[in-house]
Amino acid sequence: MRNTFSLAILTVTLSISSVFAERTAFEPTKPWPDNNGVHINAHGGGILFHQGLYYWFGEHKTQGRRGNTAQVGVHCYSSTDLYNWKDEAVALHVSDDPESEIVRGCVIERPKVIYNPKTKKFVMWFHLELRGQGYTAARTAVAVSDTVTGPYTYLRSFRPNAGKHPVNVRPRDLRPGAENYFHRDIESGQMARDMTLFVDEGGKAYHIAAAEENYTLHISLLTDDFLDFTGIFSRVLIRMHREAPAICKRNGRYYLLTSGCTGWAPNEASYAVADDIFGPYEPMGNPCRSVNPDNGMGPELTFGGQSTFILPVEGKSDAFIAMFDVWQPRNPIDGTYIWLPIEFDADDRMVIVYREKWDLSVFDPQ
Ligand code: DGJ
C-alpha cells in the first residue's frame with residue numbers, strides 16, 4: 001500500500017516537473033505549454049525584441065467555431081530564450097461596447113507590434129473585420145501603448161491609401177475593368193487583410209497586406225510615428241493571389257514568404273526576392289523540404305502550416321526562424337505552431353526543412 005502511494009506521488013511529481021521543465025528545443029506541431037503549463041494562445045502572431053526580451057503577440061483563440069472570431073483579443077507572452085514563454089496576459093482587449101469597432105465577435109487577425117524609438121510608443125497593427133460582416137470590411141487597424149505588454153489603446157481602423165497611386169503604377173492600373181480591384185478601391189481605400197510589419201535599417205516601418213480581394217499584396221510606408229500610412233506604397237506579386245506575408249532582410253535583399261489563398265486549409269508556400277522593399281519581387285518557388293511526420297504533410301502543404309512571421313534571432317548572424325500556424329478552425333484554441341530555421345544555400349536561395357526537434361545551435365557556425 002505504502003509503495004503504491006509513494007509511486008503515485010513520484011508519478012505526479014514527475015509529470016508536474018515535465019510540464020514545467022525548462023524547454024531547450026523547439027518541437028514543431030506539438031502543443032507548446034507556457035509558464036503555467038497552458039498551450040500558448042498567440043495565433044497568426046509576430047514577435048518584437050525589446051530590451052533583452054522577446055514578446056510574442058498573437059490572436060487569442062477560444063473553443064469551438066465561435067473561436068474563429070475575437071472573443072478575447074490579442075495575447076502577449078515574453079521569453080528570454082524563445083523556447084520558454086511567460087504569459088503576459090491580454091495586451092489588447094475586445095470591447096463590450098456594441099458601438100466599438102473591436103466589439104467581441106469581430107475578427108482580429110495577425111496582430112504585429114513594433115516599437116517607435118522617437119515617440120517611445122509600442123504600436124500594434126492588425127487585420128480587422130467588423131462584427132457580422134464576414135470578411136468584407138478588409139480593414140487595417142491600429143492600437144498603441146506606452147508599455148510593451150499593454151494594455152493597448154485602440155485608435156481606429158480604415159482601408160489604407162485612399163486616393164493614392166502606387167509608386168509602381170502602370171497606365172492599365174488606372175483603367176476601369178470588372179476585375180480591376182485596385183482601380184475599384186482607389187477612392188474608398190484599398191482592402192487590407194493578412195498583414196505583417198517590417199522595420200527597416202534606418203527605422204522606416206512598412207505595412208504589408210493582402211489587398212485587391214487577396215490578388216495582390218500592398219507594401220506601404222508608415223508615417224514616422226508608425227501610427228498612419230504615408231500614402232507611399234507599392235503593389236507586389238501582382239495578381240498572384242498570395243496571403244500570409246512574412247518578410248526578412250538578408251545581405252541587403254528582401255525575402256518575402258507567402259501562402260496561397262485557401263482559407264484555413266494549408267497550401268503551398270512560396271517566396272520572392274527583391275533588392276528594394278517596394279520590389280519588383282522575383283518569384284523563387286517553394287522553399288519547403290521534407291515531410292511533417294505528425295500529419296504526413298510535405299512541402300506542397302507547408303507541413304500543414306501557414307506563414308505568419310520571420311523572426312531574426314538576436315545575437316546570431318544570418319539566423320532567421322520561419323513561423324507558421326497550424327490552424328484548427330473547428331476548435332481554434334488547439335491550433336499549434338511550426339517554427340523552423342531558415343537556411344540559405346550557396347545561391348542564396350531560401351530553404352526550410354521540416355525538423356521534429358531542433359534548437360538554436362543550428363545557427364552556430366559549423
Ligand atoms: C487565411 C488567412 O491567412 C487567415 O488569417 C484567415 O483570414 C483565414 N484565411 C480565414 O479563412
# chains A, B, ... in the order shown; residues from 1 in each chain; ligands from 1

call {"tool": "residues_near_ligand", "arguments": {"ligand": "ligand 1", "cutoff": "8 Å", "atoms": "only C-alpha atoms and all ligand atoms", "output": "PyMOL selection string"}}
result
chain A and resi 44+109-110+135+193-194+243-244+259+261-265+306

call {"tool": "write_last_selection", "arguments": {"atoms": "all heavy atoms", "output": "compact mmCIF listing (two decimals), in the first residue's frame"}}
result
# COMPACT_ATOMS: atom_id res chain seq x y z
N GLY A 44 -1.39 33.42 -35.52
CA GLY A 44 -1.21 34.47 -36.54
C GLY A 44 -0.31 35.57 -36.03
O GLY A 44 -0.45 36.73 -36.39
N GLU A 109 -7.12 39.63 -36.63
CA GLU A 109 -6.16 38.64 -37.12
C GLU A 109 -4.78 39.23 -37.33
O GLU A 109 -4.63 40.39 -37.67
CB GLU A 109 -6.66 38.02 -38.44
CG GLU A 109 -7.83 37.08 -38.21
CD GLU A 109 -8.34 36.40 -39.48
OE1 GLU A 109 -8.00 36.86 -40.59
OE2 GLU A 109 -9.09 35.43 -39.35
N ARG A 110 -3.78 38.36 -37.13
CA ARG A 110 -2.38 38.62 -37.48
C ARG A 110 -1.82 39.90 -36.86
O ARG A 110 -1.19 40.71 -37.55
CB ARG A 110 -2.22 38.62 -39.01
CG ARG A 110 -2.58 37.25 -39.56
CD ARG A 110 -2.42 37.12 -41.03
NE ARG A 110 -2.76 35.76 -41.42
CZ ARG A 110 -1.88 34.76 -41.51
NH1 ARG A 110 -0.62 34.98 -41.27
NH2 ARG A 110 -2.27 33.55 -41.83
N TYR A 135 -15.84 38.67 -44.07
CA TYR A 135 -14.50 39.23 -44.36
C TYR A 135 -14.60 40.39 -45.35
O TYR A 135 -13.67 40.65 -46.10
CB TYR A 135 -13.58 38.12 -44.89
CG TYR A 135 -12.96 37.30 -43.77
CD1 TYR A 135 -13.70 36.28 -43.15
CD2 TYR A 135 -11.69 37.57 -43.29
CE1 TYR A 135 -13.16 35.54 -42.11
CE2 TYR A 135 -11.14 36.84 -42.24
CZ TYR A 135 -11.88 35.84 -41.66
OH TYR A 135 -11.33 35.11 -40.61
N ARG A 193 -6.08 42.77 -45.72
CA ARG A 193 -6.39 41.56 -44.91
C ARG A 193 -5.09 41.05 -44.28
O ARG A 193 -4.45 41.79 -43.53
CB ARG A 193 -7.09 40.52 -45.79
CG ARG A 193 -8.53 40.95 -46.16
CD ARG A 193 -9.34 39.76 -46.63
NE ARG A 193 -10.70 40.10 -47.01
CZ ARG A 193 -11.21 39.93 -48.22
NH1 ARG A 193 -10.48 39.44 -49.20
NH2 ARG A 193 -12.46 40.25 -48.47
N ASP A 194 -4.68 39.80 -44.56
CA ASP A 194 -3.49 39.25 -43.89
C ASP A 194 -2.35 40.25 -43.95
O ASP A 194 -2.04 40.78 -45.04
CB ASP A 194 -3.03 37.97 -44.60
CG ASP A 194 -3.84 36.76 -44.19
OD1 ASP A 194 -4.83 36.91 -43.47
OD2 ASP A 194 -3.46 35.66 -44.62
N GLU A 243 -1.24 35.35 -49.75
CA GLU A 243 -1.55 35.97 -48.47
C GLU A 243 -0.55 35.50 -47.43
O GLU A 243 0.47 34.91 -47.76
CB GLU A 243 -3.01 35.68 -48.06
CG GLU A 243 -3.31 34.24 -47.80
CD GLU A 243 -4.76 34.00 -47.38
OE1 GLU A 243 -5.55 34.95 -47.32
OE2 GLU A 243 -5.09 32.83 -47.10
N ALA A 244 -0.83 35.77 -46.14
CA ALA A 244 0.05 35.36 -45.04
C ALA A 244 1.50 35.85 -45.24
O ALA A 244 2.45 35.08 -45.12
CB ALA A 244 0.02 33.85 -44.87
N SER A 259 1.73 32.52 -48.55
CA SER A 259 0.99 31.28 -48.83
C SER A 259 0.01 31.55 -49.97
O SER A 259 -0.20 32.70 -50.36
CB SER A 259 0.19 30.87 -47.58
OG SER A 259 -0.95 31.68 -47.46
N CYS A 261 -4.13 31.13 -51.18
CA CYS A 261 -5.35 31.57 -50.50
C CYS A 261 -6.37 30.44 -50.50
O CYS A 261 -7.13 30.29 -51.46
CB CYS A 261 -5.93 32.79 -51.20
SG CYS A 261 -4.83 34.21 -51.23
N THR A 262 -6.38 29.61 -49.45
CA THR A 262 -7.35 28.51 -49.35
C THR A 262 -8.00 28.49 -47.96
O THR A 262 -8.16 27.43 -47.35
CB THR A 262 -6.67 27.15 -49.66
OG1 THR A 262 -5.50 27.02 -48.82
CG2 THR A 262 -6.25 27.03 -51.11
N GLY A 263 -8.33 29.67 -47.46
CA GLY A 263 -9.00 29.75 -46.15
C GLY A 263 -8.10 29.20 -45.05
O GLY A 263 -6.92 29.55 -44.97
N TRP A 264 -8.65 28.30 -44.23
CA TRP A 264 -7.87 27.73 -43.13
C TRP A 264 -7.07 26.50 -43.57
O TRP A 264 -6.28 25.96 -42.80
CB TRP A 264 -8.77 27.31 -41.97
CG TRP A 264 -9.57 28.43 -41.36
CD1 TRP A 264 -10.93 28.56 -41.37
CD2 TRP A 264 -9.08 29.56 -40.63
NE1 TRP A 264 -11.30 29.70 -40.71
CE2 TRP A 264 -10.18 30.32 -40.24
CE3 TRP A 264 -7.80 30.00 -40.28
CZ2 TRP A 264 -10.06 31.52 -39.52
CZ3 TRP A 264 -7.66 31.18 -39.56
CH2 TRP A 264 -8.79 31.93 -39.19
N ALA A 265 -7.32 26.01 -44.78
CA ALA A 265 -6.65 24.78 -45.23
C ALA A 265 -5.24 25.09 -45.73
O ALA A 265 -5.02 26.10 -46.40
CB ALA A 265 -7.48 24.14 -46.34
N GLN A 306 0.76 27.59 -42.13
CA GLN A 306 0.67 28.78 -42.97
C GLN A 306 1.55 29.86 -42.36
O GLN A 306 1.50 30.10 -41.14
CB GLN A 306 -0.78 29.27 -43.06
CG GLN A 306 -0.96 30.41 -44.04
CD GLN A 306 -2.37 30.97 -44.06
OE1 GLN A 306 -3.06 30.95 -43.04
NE2 GLN A 306 -2.78 31.52 -45.20

call {"tool": "closest_atom_pairs", "arguments": {"of": "region 264-359 of chain A", "to": "region 81-90 of chain A", "cutoff": "10 Å", "atoms": "only C-alpha atoms", "output": "CSV"}}
result
residue,atom,partner,partner_atom,distance
A:Val313,CA,A:Leu82,CA,9.0
A:Glu314,CA,A:Asp81,CA,9.7
A:Asp359,CA,A:Tyr83,CA,8.6

call {"tool": "atom_distance", "arguments": {"atom1": "CA of Tyr115 (chain A)", "atom2": "CA of Thr308 (chain A)"}}
result
18.9 Å

call {"tool": "select_by_dssp", "arguments": {"residues": "region 40-157 of chain A", "states": "strand (DSSP E)", "output": "compact mmCIF listing (two decimals) with N, CA, C and O atoms, in the first residue's frame"}}
result
# COMPACT_ATOMS: atom_id res chain seq x y z
N HIS A 43 -1.99 33.07 -31.96
CA HIS A 43 -2.03 32.57 -33.35
C HIS A 43 -1.89 33.73 -34.33
O HIS A 43 -2.25 34.87 -34.02
N GLY A 44 -1.39 33.42 -35.52
CA GLY A 44 -1.21 34.47 -36.54
C GLY A 44 -0.31 35.57 -36.03
O GLY A 44 -0.45 36.73 -36.39
N GLY A 45 0.65 35.20 -35.20
CA GLY A 45 1.38 36.20 -34.41
C GLY A 45 2.65 36.74 -35.03
O GLY A 45 3.04 36.40 -36.15
N GLY A 46 3.28 37.59 -34.24
CA GLY A 46 4.56 38.17 -34.62
C GLY A 46 5.34 38.45 -33.36
O GLY A 46 4.77 38.43 -32.25
N ILE A 47 6.63 38.71 -33.51
CA ILE A 47 7.48 38.86 -32.33
C ILE A 47 8.26 40.17 -32.38
O ILE A 47 8.78 40.55 -33.43
N LEU A 48 8.30 40.83 -31.23
CA LEU A 48 9.09 42.05 -31.07
C LEU A 48 10.20 41.75 -30.08
O LEU A 48 9.94 41.21 -28.99
N PHE A 49 11.44 42.12 -30.42
CA PHE A 49 12.54 42.00 -29.46
C PHE A 49 12.74 43.38 -28.86
O PHE A 49 12.93 44.36 -29.58
N HIS A 50 12.67 43.48 -27.53
CA HIS A 50 12.80 44.79 -26.89
C HIS A 50 13.52 44.64 -25.56
O HIS A 50 13.08 43.88 -24.69
N LEU A 53 14.33 41.08 -24.22
CA LEU A 53 13.27 40.07 -24.17
C LEU A 53 12.54 40.00 -25.51
O LEU A 53 12.38 41.01 -26.20
N TYR A 54 12.10 38.79 -25.84
CA TYR A 54 11.22 38.62 -27.00
C TYR A 54 9.78 38.70 -26.49
O TYR A 54 9.44 38.12 -25.45
N TYR A 55 8.93 39.39 -27.26
CA TYR A 55 7.49 39.46 -26.94
C TYR A 55 6.72 38.89 -28.13
O TYR A 55 6.89 39.36 -29.24
N TRP A 56 5.92 37.89 -27.85
CA TRP A 56 5.12 37.22 -28.88
C TRP A 56 3.67 37.70 -28.73
O TRP A 56 3.05 37.51 -27.68
N PHE A 57 3.16 38.34 -29.78
CA PHE A 57 1.76 38.81 -29.79
C PHE A 57 1.00 37.97 -30.81
O PHE A 57 1.48 37.74 -31.91
N GLY A 58 -0.20 37.53 -30.45
CA GLY A 58 -0.99 36.76 -31.41
C GLY A 58 -2.45 36.74 -31.04
O GLY A 58 -2.86 37.21 -29.96
N GLU A 59 -3.23 36.19 -31.95
CA GLU A 59 -4.69 36.11 -31.76
C GLU A 59 -4.98 35.14 -30.62
O GLU A 59 -4.53 33.99 -30.65
N HIS A 60 -5.76 35.60 -29.63
CA HIS A 60 -6.22 34.70 -28.57
C HIS A 60 -7.45 33.98 -29.11
O HIS A 60 -8.48 34.60 -29.36
N GLY A 73 -9.17 38.90 -27.56
CA GLY A 73 -8.29 39.97 -28.05
C GLY A 73 -6.94 39.44 -28.49
O GLY A 73 -6.85 38.34 -29.05
N VAL A 74 -5.91 40.21 -28.19
CA VAL A 74 -4.55 39.86 -28.61
C VAL A 74 -3.76 39.49 -27.35
O VAL A 74 -3.69 40.27 -26.40
N HIS A 75 -3.17 38.31 -27.37
CA HIS A 75 -2.45 37.79 -26.20
C HIS A 75 -0.96 38.07 -26.36
O HIS A 75 -0.44 38.09 -27.46
N CYS A 76 -0.27 38.28 -25.24
CA CYS A 76 1.17 38.56 -25.26
C CYS A 76 1.91 37.59 -24.33
O CYS A 76 1.42 37.28 -23.23
N TYR A 77 3.06 37.13 -24.79
CA TYR A 77 3.95 36.27 -23.99
C TYR A 77 5.36 36.85 -24.09
O TYR A 77 5.69 37.50 -25.09
N SER A 78 6.20 36.58 -23.09
CA SER A 78 7.58 37.04 -23.17
C SER A 78 8.54 35.88 -22.96
O SER A 78 8.19 34.86 -22.34
N SER A 79 9.76 36.05 -23.49
CA SER A 79 10.75 34.99 -23.39
C SER A 79 12.16 35.56 -23.47
O SER A 79 12.39 36.56 -24.17
N LYS A 86 6.53 33.15 -21.03
CA LYS A 86 5.76 33.55 -19.85
C LYS A 86 4.48 34.26 -20.31
O LYS A 86 4.56 35.16 -21.17
N ASP A 87 3.38 33.88 -19.74
CA ASP A 87 2.11 34.52 -20.07
C ASP A 87 2.11 35.96 -19.55
O ASP A 87 2.23 36.18 -18.34
N GLU A 88 2.00 36.93 -20.45
CA GLU A 88 1.95 38.35 -20.06
C GLU A 88 0.54 38.89 -20.18
O GLU A 88 0.34 40.10 -20.18
N ALA A 89 -0.43 38.00 -20.36
CA ALA A 89 -1.86 38.35 -20.39
C ALA A 89 -2.28 39.00 -21.70
O ALA A 89 -1.50 39.08 -22.65
N VAL A 90 -3.51 39.47 -21.70
CA VAL A 90 -4.10 40.00 -22.93
C VAL A 90 -3.63 41.45 -23.10
O VAL A 90 -3.79 42.28 -22.20
N ALA A 91 -3.05 41.74 -24.26
CA ALA A 91 -2.47 43.07 -24.50
C ALA A 91 -3.49 44.03 -25.09
O ALA A 91 -3.44 45.23 -24.83
N LEU A 92 -4.39 43.50 -25.90
CA LEU A 92 -5.49 44.33 -26.45
C LEU A 92 -6.77 43.56 -26.22
O LEU A 92 -6.92 42.42 -26.68
N HIS A 93 -7.69 44.18 -25.50
CA HIS A 93 -8.96 43.52 -25.18
C HIS A 93 -10.04 43.90 -26.18
O HIS A 93 -10.14 45.06 -26.57
N VAL A 107 -13.52 40.23 -36.02
CA VAL A 107 -12.39 39.37 -36.35
C VAL A 107 -11.10 40.19 -36.21
O VAL A 107 -10.98 41.25 -36.85
N ILE A 108 -10.21 39.72 -35.35
CA ILE A 108 -8.90 40.36 -35.17
C ILE A 108 -7.87 39.33 -35.58
O ILE A 108 -7.78 38.27 -34.96
N GLU A 109 -7.12 39.63 -36.63
CA GLU A 109 -6.16 38.64 -37.12
C GLU A 109 -4.78 39.23 -37.33
O GLU A 109 -4.63 40.39 -37.67
N ARG A 110 -3.78 38.36 -37.13
CA ARG A 110 -2.38 38.62 -37.48
C ARG A 110 -1.82 39.90 -36.86
O ARG A 110 -1.19 40.71 -37.55
N PRO A 111 -2.04 40.12 -35.56
CA PRO A 111 -1.50 41.33 -34.92
C PRO A 111 0.02 41.32 -34.91
O PRO A 111 0.65 40.28 -34.72
N LYS A 112 0.61 42.50 -35.13
CA LYS A 112 2.06 42.66 -35.09
C LYS A 112 2.35 43.95 -34.33
O LYS A 112 1.60 44.93 -34.46
N VAL A 113 3.43 43.94 -33.54
CA VAL A 113 3.78 45.12 -32.73
C VAL A 113 5.19 45.58 -33.09
O VAL A 113 6.10 44.75 -33.22
N ILE A 114 5.37 46.89 -33.24
CA ILE A 114 6.71 47.46 -33.43
C ILE A 114 6.89 48.61 -32.43
O ILE A 114 5.91 49.16 -31.91
N TYR A 115 8.16 48.92 -32.16
CA TYR A 115 8.47 49.98 -31.19
C TYR A 115 9.00 51.19 -31.94
O TYR A 115 9.85 51.06 -32.83
N ASN A 116 8.48 52.36 -31.55
CA ASN A 116 8.95 53.59 -32.18
C ASN A 116 9.88 54.32 -31.21
O ASN A 116 9.44 54.85 -30.19
N LYS A 121 6.63 54.79 -28.13
CA LYS A 121 5.35 54.07 -28.07
C LYS A 121 5.48 52.71 -28.76
O LYS A 121 6.23 52.57 -29.73
N PHE A 122 4.70 51.77 -28.26
CA PHE A 122 4.57 50.46 -28.92
C PHE A 122 3.32 50.54 -29.79
O PHE A 122 2.25 50.96 -29.31
N VAL A 123 3.47 50.16 -31.05
CA VAL A 123 2.37 50.32 -32.00
C VAL A 123 1.96 48.96 -32.55
O VAL A 123 2.80 48.21 -33.05
N MET A 124 0.68 48.65 -32.39
CA MET A 124 0.15 47.37 -32.86
C MET A 124 -0.76 47.61 -34.07
O MET A 124 -1.65 48.46 -34.02
N TRP A 125 -0.51 46.87 -35.16
CA TRP A 125 -1.42 46.88 -36.30
C TRP A 125 -1.98 45.47 -36.45
O TRP A 125 -1.31 44.48 -36.14
N PHE A 126 -3.21 45.39 -36.93
CA PHE A 126 -3.82 44.06 -37.18
C PHE A 126 -4.90 44.18 -38.23
O PHE A 126 -5.33 45.28 -38.61
N HIS A 127 -5.29 43.03 -38.75
CA HIS A 127 -6.38 42.95 -39.72
C HIS A 127 -7.69 42.89 -38.94
O HIS A 127 -7.84 42.04 -38.07
N LEU A 128 -8.60 43.79 -39.27
CA LEU A 128 -9.89 43.84 -38.57
C LEU A 128 -11.04 43.61 -39.53
O LEU A 128 -11.10 44.22 -40.60
N GLU A 129 -11.93 42.72 -39.13
CA GLU A 129 -13.22 42.57 -39.81
C GLU A 129 -14.31 42.93 -38.82
O GLU A 129 -14.28 42.50 -37.67
N ARG A 139 -10.24 45.72 -43.31
CA ARG A 139 -9.61 46.95 -42.81
C ARG A 139 -8.31 46.65 -42.08
O ARG A 139 -8.15 45.57 -41.52
N THR A 140 -7.46 47.65 -42.02
CA THR A 140 -6.33 47.56 -41.13
C THR A 140 -6.65 48.42 -39.92
O THR A 140 -7.39 49.41 -40.02
N ALA A 141 -6.12 48.01 -38.76
CA ALA A 141 -6.45 48.72 -37.52
C ALA A 141 -5.19 48.93 -36.69
O ALA A 141 -4.23 48.16 -36.80
N VAL A 142 -5.22 49.98 -35.86
CA VAL A 142 -4.02 50.33 -35.09
C VAL A 142 -4.38 50.60 -33.64
O VAL A 142 -5.44 51.16 -33.32
N ALA A 143 -3.46 50.17 -32.75
CA ALA A 143 -3.60 50.42 -31.31
C ALA A 143 -2.22 50.80 -30.79
O ALA A 143 -1.20 50.52 -31.42
N VAL A 144 -2.18 51.45 -29.61
CA VAL A 144 -0.90 51.98 -29.13
C VAL A 144 -0.80 51.80 -27.62
O VAL A 144 -1.81 51.74 -26.92
N SER A 145 0.45 51.70 -27.15
CA SER A 145 0.67 51.55 -25.70
C SER A 145 2.01 52.17 -25.32
O SER A 145 2.95 52.21 -26.12
N THR A 153 -4.25 50.76 -26.34
CA THR A 153 -5.45 51.58 -26.57
C THR A 153 -5.79 51.52 -28.05
O THR A 153 -4.94 51.85 -28.90
N TYR A 154 -7.00 51.11 -28.34
CA TYR A 154 -7.43 51.03 -29.74
C TYR A 154 -7.61 52.44 -30.30
O TYR A 154 -8.24 53.29 -29.67
N LEU A 155 -7.07 52.69 -31.51
CA LEU A 155 -7.20 54.02 -32.10
C LEU A 155 -8.27 54.05 -33.20
O LEU A 155 -9.25 54.76 -33.09
N ARG A 156 -8.09 53.28 -34.27
CA ARG A 156 -9.06 53.34 -35.37
C ARG A 156 -8.76 52.26 -36.39
O ARG A 156 -7.71 51.64 -36.37
N SER A 157 -9.69 52.10 -37.35
CA SER A 157 -9.45 51.19 -38.48
C SER A 157 -9.86 51.90 -39.76
O SER A 157 -10.67 52.84 -39.73

call {"tool": "closest_residue", "arguments": {"among": "A:Ala137, A:Pro160, A:Glu212, A:Tyr152", "to": "Tyr181 (chain A)", "atoms": "only C-alpha atoms"}}
result
A:Glu212

call {"tool": "closest_residue", "arguments": {"among": "A:Met284, A:Ile232, A:Val103, A:Val362", "to": "Phe320 (chain A)", "atoms": "only C-alpha atoms"}}
result
A:Val362

call {"tool": "closest_residue", "arguments": {"among": "A:Gln51, A:Ser290, A:Thr216, A:Thr69", "to": "Val148 (chain A)", "atoms": "only C-alpha atoms"}}
result
A:Gln51

call {"tool": "closest_residue", "arguments": {"among": "A:Pro33, A:Asp225, A:Glu27, A:Ala209", "to": "Pro245 (chain A)", "atoms": "only C-alpha atoms"}}
result
A:Ala209

call {"tool": "residues_around", "arguments": {"residues": "Ile219 (chain A)", "least_positions_apart": "4", "cutoff": "7 Å", "atoms": "only C-alpha atoms", "output": "list of chain:residue names"}}
result
A:Tyr206, A:His207, A:Ile208, A:Ala209, A:Phe233, A:Ser234, A:Arg235, A:Phe278

call {"tool": "decode", "arguments": {"residues": "region 61-76 of chain A", "atoms": "N, CA, C and O atoms", "output": "JSON list (two decimals), in the first residue's frame"}}
result
[["chain", "number", "residue", "atom", "x", "y", "z"],
["A", 61, "LYS", "N", -7.33, 32.67, -29.30],
["A", 61, "LYS", "CA", -8.45, 31.89, -29.83],
["A", 61, "LYS", "C", -9.18, 31.21, -28.68],
["A", 61, "LYS", "O", -8.58, 30.91, -27.64],
["A", 62, "THR", "N", -10.46, 30.90, -28.90],
["A", 62, "THR", "CA", -11.23, 30.17, -27.89],
["A", 62, "THR", "C", -11.79, 28.89, -28.51],
["A", 62, "THR", "O", -11.54, 28.61, -29.68],
["A", 63, "GLN", "N", -12.55, 28.15, -27.71],
["A", 63, "GLN", "CA", -13.03, 26.85, -28.19],
["A", 63, "GLN", "C", -14.21, 26.97, -29.13],
["A", 63, "GLN", "O", -15.01, 27.90, -29.03],
["A", 64, "GLY", "N", -14.33, 26.00, -30.03],
["A", 64, "GLY", "CA", -15.49, 25.93, -30.91],
["A", 64, "GLY", "C", -15.36, 26.91, -32.07],
["A", 64, "GLY", "O", -14.50, 27.78, -32.09],
["A", 65, "ARG", "N", -16.25, 26.74, -33.05],
["A", 65, "ARG", "CA", -16.23, 27.57, -34.27],
["A", 65, "ARG", "C", -16.23, 29.07, -33.96],
["A", 65, "ARG", "O", -15.65, 29.86, -34.69],
["A", 66, "ARG", "N", -16.95, 29.43, -32.86],
["A", 66, "ARG", "CA", -17.03, 30.84, -32.48],
["A", 66, "ARG", "C", -15.65, 31.43, -32.20],
["A", 66, "ARG", "O", -15.42, 32.62, -32.28],
["A", 67, "GLY", "N", -14.72, 30.53, -31.83],
["A", 67, "GLY", "CA", -13.36, 30.96, -31.52],
["A", 67, "GLY", "C", -12.60, 31.48, -32.71],
["A", 67, "GLY", "O", -11.48, 31.99, -32.57],
["A", 68, "ASN", "N", -13.18, 31.38, -33.91],
["A", 68, "ASN", "CA", -12.54, 32.00, -35.08],
["A", 68, "ASN", "C", -12.79, 33.50, -35.12],
["A", 68, "ASN", "O", -12.16, 34.22, -35.90],
["A", 69, "THR", "N", -13.72, 33.97, -34.28],
["A", 69, "THR", "CA", -13.90, 35.42, -34.13],
["A", 69, "THR", "C", -13.24, 35.84, -32.82],
["A", 69, "THR", "O", -12.96, 35.00, -31.96],
["A", 70, "ALA", "N", -13.03, 37.13, -32.67],
["A", 70, "ALA", "CA", -12.31, 37.60, -31.48],
["A", 70, "ALA", "C", -13.24, 37.65, -30.28],
["A", 70, "ALA", "O", -14.15, 38.49, -30.22],
["A", 71, "GLN", "N", -13.02, 36.74, -29.33],
["A", 71, "GLN", "CA", -13.80, 36.72, -28.09],
["A", 71, "GLN", "C", -13.02, 37.34, -26.94],
["A", 71, "GLN", "O", -13.57, 37.67, -25.91],
["A", 72, "VAL", "N", -11.71, 37.48, -27.14],
["A", 72, "VAL", "CA", -10.85, 37.95, -26.05],
["A", 72, "VAL", "C", -9.95, 39.10, -26.50],
["A", 72, "VAL", "O", -9.93, 40.17, -25.91],
["A", 73, "GLY", "N", -9.17, 38.90, -27.56],
["A", 73, "GLY", "CA", -8.29, 39.97, -28.05],
["A", 73, "GLY", "C", -6.94, 39.44, -28.49],
["A", 73, "GLY", "O", -6.85, 38.34, -29.05],
["A", 74, "VAL", "N", -5.91, 40.21, -28.19],
["A", 74, "VAL", "CA", -4.55, 39.86, -28.61],
["A", 74, "VAL", "C", -3.76, 39.49, -27.35],
["A", 74, "VAL", "O", -3.69, 40.27, -26.40],
["A", 75, "HIS", "N", -3.17, 38.31, -27.37],
["A", 75, "HIS", "CA", -2.45, 37.79, -26.20],
["A", 75, "HIS", "C", -0.96, 38.07, -26.36],
["A", 75, "HIS", "O", -0.44, 38.09, -27.46],
["A", 76, "CYS", "N", -0.27, 38.28, -25.24],
["A", 76, "CYS", "CA", 1.17, 38.56, -25.26],
["A", 76, "CYS", "C", 1.91, 37.59, -24.33],
["A", 76, "CYS", "O", 1.42, 37.28, -23.23]]
